[in-house]
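Enquirer: Input structure: my_file15.pdb, which contains PDB, C-alpha atoms.
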```pdb
ATOM      1  CA  MET A   1      -9.262  15.364   2.057  1.00  0.00           C
ATOM      2  CA  ASP A   2      -5.668  15.081   3.222  1.00  0.00           C
ATOM      3  CA  THR A   3      -2.887  13.047   1.635  1.00  0.00           C
ATOM      4  CA  SER A   4      -3.375  10.031   3.910  1.00  0.00           C
ATOM      5  CA  GLU A   5      -7.032   9.739   2.980  1.00  0.00           C
ATOM      6  CA  LYS A   6      -6.296  10.061  -0.729  1.00  0.00           C
ATOM      7  CA  LEU A   7      -3.684   7.331  -0.432  1.00  0.00           C
ATOM      8  CA  TRP A   8      -6.093   5.070   1.466  1.00  0.00           C
ATOM      9  CA  TRP A   9      -8.948   5.550  -0.998  1.00  0.00           C
ATOM     10  CA  SER A  10      -6.750   5.110  -4.054  1.00  0.00           C
ATOM     11  CA  ARG A  11      -5.517   1.787  -2.704  1.00  0.00           C
ATOM     12  CA  TYR A  12      -9.026   0.666  -1.851  1.00  0.00           C
ATOM     13  CA  LEU A  13     -10.294   1.503  -5.336  1.00  0.00           C
ATOM     14  CA  LEU A  14      -7.328  -0.255  -6.927  1.00  0.00           C
ATOM     15  CA  ALA A  15      -8.156  -3.381  -4.923  1.00  0.00           C
ATOM     16  CA  LEU A  16     -11.677  -3.097  -6.275  1.00  0.00           C
ATOM     17  CA  ALA A  17     -10.291  -2.901  -9.819  1.00  0.00           C
ATOM     18  CA  ILE A  18      -7.801  -5.769  -9.488  1.00  0.00           C
ATOM     19  CA  SER A  19     -10.189  -8.233  -7.846  1.00  0.00           C
ATOM     20  CA  PRO A  20     -12.242  -9.070 -11.009  1.00  0.00           C
ATOM     21  CA  LEU A  21      -9.029  -9.803 -12.899  1.00  0.00           C
ATOM     22  CA  SER A  22      -7.835 -12.015 -10.048  1.00  0.00           C
ATOM     23  CA  ALA A  23     -11.173 -13.812 -10.018  1.00  0.00           C
ATOM     24  CA  TYR A  24     -10.962 -14.363 -13.763  1.00  0.00           C
ATOM     25  CA  ILE A  25      -7.461 -15.823 -13.435  1.00  0.00           C
ATOM     26  CA  SER A  26      -8.721 -18.209 -10.761  1.00  0.00           C
ATOM     27  CA  PHE A  27     -11.889 -19.075 -12.655  1.00  0.00           C
ATOM     28  CA  LYS A  28     -10.093 -19.939 -15.875  1.00  0.00           C
ATOM     29  CA  GLY A  29      -7.471 -21.946 -13.993  1.00  0.00           C
ATOM     30  CA  ILE A  30      -4.532 -20.220 -15.613  1.00  0.00           C
ATOM     31  CA  LEU A  31      -1.374 -22.146 -14.623  1.00  0.00           C
ATOM     32  CA  ASP A  32      -3.557 -24.996 -13.349  1.00  0.00           C
ATOM     33  CA  GLY A  33      -2.925 -25.382  -9.601  1.00  0.00           C
ATOM     34  CA  PHE A  34      -1.153 -22.056  -9.232  1.00  0.00           C
ATOM     35  CA  SER A  35      -3.929 -19.699 -10.297  1.00  0.00           C
ATOM     36  CA  ALA A  36      -4.677 -18.567  -6.729  1.00  0.00           C
ATOM     37  CA  TYR A  37      -0.992 -17.799  -6.215  1.00  0.00           C
ATOM     38  CA  LEU A  38      -0.931 -15.844  -9.455  1.00  0.00           C
ATOM     39  CA  ALA A  39      -4.012 -13.875  -8.386  1.00  0.00           C
ATOM     40  CA  PHE A  40      -2.393 -13.030  -5.045  1.00  0.00           C
ATOM     41  CA  LEU A  41       0.838 -12.054  -6.812  1.00  0.00           C
ATOM     42  CA  LEU A  42      -1.179  -9.695  -9.006  1.00  0.00           C
ATOM     43  CA  ALA A  43      -2.687  -8.089  -5.899  1.00  0.00           C
ATOM     44  CA  LEU A  44       0.741  -7.786  -4.300  1.00  0.00           C
ATOM     45  CA  LEU A  45       2.205  -6.188  -7.416  1.00  0.00           C
ATOM     46  CA  GLY A  46      -0.725  -3.782  -7.496  1.00  0.00           C
ATOM     47  CA  TYR A  47       0.003  -2.698  -3.941  1.00  0.00           C
ATOM     48  CA  ILE A  48       3.707  -2.242  -4.638  1.00  0.00           C
ATOM     49  CA  LEU A  49       2.736  -0.208  -7.680  1.00  0.00           C
ATOM     50  CA  THR A  50       0.691   2.143  -5.479  1.00  0.00           C
ATOM     51  CA  VAL A  51       3.706   2.770  -3.244  1.00  0.00           C
ATOM     52  CA  LEU A  52       5.925   3.536  -6.227  1.00  0.00           C
ATOM     53  CA  THR A  53       3.259   5.667  -7.914  1.00  0.00           C
ATOM     54  CA  ALA A  54       2.661   7.713  -4.787  1.00  0.00           C
ATOM     55  CA  LYS A  55       6.365   8.204  -4.216  1.00  0.00           C
ATOM     56  CA  TYR A  56       7.623   8.920  -7.734  1.00  0.00           C
ATOM     57  CA  VAL A  57       4.648  10.017  -9.848  1.00  0.00           C
ATOM     58  CA  PHE A  58       2.596  12.020  -7.345  1.00  0.00           C
ATOM     59  CA  ARG A  59       5.681  12.914  -5.306  1.00  0.00           C
ATOM     60  CA  VAL A  60       4.094  12.274  -1.922  1.00  0.00           C
ATOM     61  CA  LYS A  61       6.664  13.063   0.726  1.00  0.00           C
ATOM     62  CA  PRO A  62       6.699  10.861   3.833  1.00  0.00           C
ATOM     63  CA  GLU A  63       6.930  14.064   5.886  1.00  0.00           C
ATOM     64  CA  SER A  64       3.533  15.186   4.557  1.00  0.00           C
ATOM     65  CA  LEU A  65       1.849  12.188   6.187  1.00  0.00           C
ATOM     66  CA  LYS A  66       1.072  11.699   9.876  1.00  0.00           C
ATOM     67  CA  ARG A  67       3.853   9.123  10.194  1.00  0.00           C
ATOM     68  CA  PRO A  68       6.664   8.663   7.673  1.00  0.00           C
ATOM     69  CA  LYS A  69       5.987   4.923   7.311  1.00  0.00           C
ATOM     70  CA  ASP A  70       2.384   5.642   6.251  1.00  0.00           C
ATOM     71  CA  LEU A  71       3.542   5.950   2.642  1.00  0.00           C
ATOM     72  CA  ALA A  72       4.005   2.191   2.556  1.00  0.00           C
ATOM     73  CA  LEU A  73       1.527   1.090   5.219  1.00  0.00           C
ATOM     74  CA  GLN A  74      -1.469   3.434   4.950  1.00  0.00           C
ATOM     75  CA  GLY A  75      -4.398   1.256   3.911  1.00  0.00           C
ATOM     76  CA  VAL A  76      -2.537  -2.053   3.551  1.00  0.00           C
ATOM     77  CA  PHE A  77      -5.108  -3.942   5.618  1.00  0.00           C
ATOM     78  CA  ALA A  78      -8.050  -2.339   3.820  1.00  0.00           C
ATOM     79  CA  TYR A  79      -6.443  -3.048   0.449  1.00  0.00           C
ATOM     80  CA  PHE A  80      -5.983  -6.764   1.010  1.00  0.00           C
ATOM     81  CA  ILE A  81      -9.306  -7.269   2.806  1.00  0.00           C
ATOM     82  CA  ALA A  82     -11.154  -5.432   0.030  1.00  0.00           C
ATOM     83  CA  TRP A  83      -9.247  -7.325  -2.659  1.00  0.00           C
ATOM     84  CA  PHE A  84      -9.973 -10.688  -1.044  1.00  0.00           C
ATOM     85  CA  SER A  85     -13.640  -9.912  -0.379  1.00  0.00           C
ATOM     86  CA  PHE A  86     -14.309  -8.739  -3.909  1.00  0.00           C
ATOM     87  CA  TRP A  87     -12.214 -11.562  -5.347  1.00  0.00           C
ATOM     88  CA  VAL A  88     -14.510 -14.066  -3.608  1.00  0.00           C
ATOM     89  CA  PHE A  89     -17.558 -12.075  -4.709  1.00  0.00           C
ATOM     90  CA  PHE A  90     -16.558 -11.942  -8.386  1.00  0.00           C
ATOM     91  CA  TYR A  91     -15.384 -15.553  -8.388  1.00  0.00           C
ATOM     92  CA  THR A  92     -18.750 -16.642  -6.990  1.00  0.00           C
ATOM     93  CA  LEU A  93     -20.550 -14.598  -9.644  1.00  0.00           C
ATOM     94  CA  MET A  94     -18.471 -16.265 -12.343  1.00  0.00           C
ATOM     95  CA  LEU A  95     -19.259 -19.710 -10.950  1.00  0.00           C
ATOM     96  CA  TRP A  96     -22.936 -18.819 -10.725  1.00  0.00           C
ATOM     97  CA  SER A  97     -23.084 -17.471 -14.274  1.00  0.00           C
ATOM     98  CA  ALA A  98     -21.406 -20.655 -15.563  1.00  0.00           C
ATOM     99  CA  GLY A  99     -24.007 -22.763 -13.743  1.00  0.00           C
ATOM    100  CA  MET A 100     -21.479 -24.349 -11.435  1.00  0.00           C
ATOM    101  CA  VAL A 101     -23.121 -23.261  -8.178  1.00  0.00           C
TER     102      VAL A 101
END
```
The structure in this file should be written as structure tokens.
Expert:
Amino acid sequence: MDTSEKLWWSRYLLALAISPLSAYISFKGILDGFSAYLAFLLALLGYILTVLTAKYVFRVKPESLKRPKDLALQGVFAYFIAWFSFWVFFYTLMLWSAGMV
């Protein structure tokens, strides 16, 4: 598995990990009408954290990827689609378990 694939999969799995927390924030209505914005902000911060972690902790060089901009953009679409899909899934499960569906 090359560096691009590791970066993609790590972002995908992080989206999978952040989505239940985002769903919980939305379900509990933290900050009343702004809970969805807070959940999206959490997802955005998670993505920014992956860029910084790859660059400074794992020392991934942009030259080691297929394109230098892949450090920031590799898997961005998959990250947000996975986060949103699992956010809806976990939110629906929380509604169902509370008897609201």
Enquirer: Just checking: using only C-alpha atoms, which residue out of A:Ser26, A:Ile18, A:Leu7, A:Leu13 ends up closest to Thr92 of chain A?
Expert: A:Ser26
Enquirer: Exactly which residues make up the result of the PyMOL selection byres ((chain A and resi 62) around 12) on this file, given as an NGL selection string?
Expert: :A and (3-4 or 7 or 51 or 54-56 or 58-61 or 63-74)
Enquirer: State, in Å with one decimal place, the distance from atom CA of Lys6 of chain A to atom CA of Ala23 of chain A.
Expert: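 Between atom CA of Lys6 of chain A and atom CA of Ala23 of chain A the gap works out to 26.1 Å.
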Enquirer: Write out, as a Markdown table, each residue of segment 14-55 of chain A that has an atom at most 6 Å from segment 79-90 of chain A, together with the closest pair of atoms and their distance in Å to one decimal, counting all atoms listed in the file, rows going by chain and rising number.
Expert:
```
| residue | atom | partner | partner_atom | distance |
| --- | --- | --- | --- | --- |
| A:Ala15 | CA | A:Trp83 | CA | 4.7 |
| A:Ser19 | CA | A:Trp87 | CA | 4.6 |
| A:Pro20 | CA | A:Phe90 | CA | 5.8 |
| A:Ala23 | CA | A:Trp87 | CA | 5.3 |
```
Enquirer: Just want the 10 Å neighbourhood of Tyr37 of chain A, counted on all atoms listed in the file, with same-chain residues fewer than 5 positions away dropped. Output as a ChimeraX atom specification.
Expert: /A:22,25-26,31,42-43
Enquirer: Go ahead and write the residues just picked, C-alpha atoms, as a compact mmCIF listing (two decimals), keeping the file's coordinate frame.
Expert:
```
# COMPACT_ATOMS: atom_id res chain seq x y z
CA SER A 22 -7.84 -12.02 -10.05
CA ILE A 25 -7.46 -15.82 -13.44
CA SER A 26 -8.72 -18.21 -10.76
CA LEU A 31 -1.37 -22.15 -14.62
CA LEU A 42 -1.18 -9.70 -9.01
CA ALA A 43 -2.69 -8.09 -5.90
```
Enquirer: Could you check how far atom CA of Ser97 of chain A sits from atom CA of Tyr12 of chain A, in Å to one decimal?
Expert: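 Value for the atom CA of Ser97 of chain A-atom CA of Tyr12 of chain A distance: 26.1 Å.
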Enquirer: Looking at A:Phe27, A:Leu38, A:Trp9, A:Asp2, which one is nearest to Tyr91 of chain A, with distances taken over only C-alpha atoms?
Expert: A:Phe27
Enquirer: Determine the nearest neighbour of Val76 of chain A from the options A:Ile30, A:Leu16, A:Leu21, A:Ile48, counting only C-alpha atoms.
Expert: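 Closest residue, counting only C-alpha atoms: A:Ile48.
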Enquirer: For segment 23-39 of chain A, what centre and edge lengths in Å (one decimal) does the axis-aligned box get once 5 Å is added on each side of all its listed atoms, as AutoDock Vina command-line options?
Expert:
```
--center_x -6.4 --center_y -19.6 --center_z -11.0 --size_x 21.0 --size_y 21.6 --size_z 19.7
```
Enquirer: With distances taken over only C-alpha atoms, which residue among A:Tyr47, A:Trp96, A:Tyr24, A:Phe40 lies nearest Gly75 of chain A?
Expert: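 Smallest separation from Gly75 of chain A among the options: A:Tyr47.
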Enquirer: Counting all atoms listed in the file, figure out which residue out of A:Thr53, A:Ser35, A:Ala98, A:Gly46 gets nearest to Ala17 of chain A.
Expert: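 For Ala17 of chain A, the nearest of the given residues is A:Gly46.
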Enquirer: Separation of atom CA of Phe34 of chain A and atom CA of Ser10 of chain A, in Å?
Expert: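 About the pair atom CA of Phe34 of chain A and atom CA of Ser10 of chain A: they are 28.2 Å apart.
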Enquirer: Of the candidates A:Leu93, A:Leu49, A:Val57, A:Val101, which one gets nearest to Arg11 of chain A if we count only C-alpha atoms?
Expert: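 Closest to Arg11 of chain A, using only C-alpha atoms: A:Leu49.
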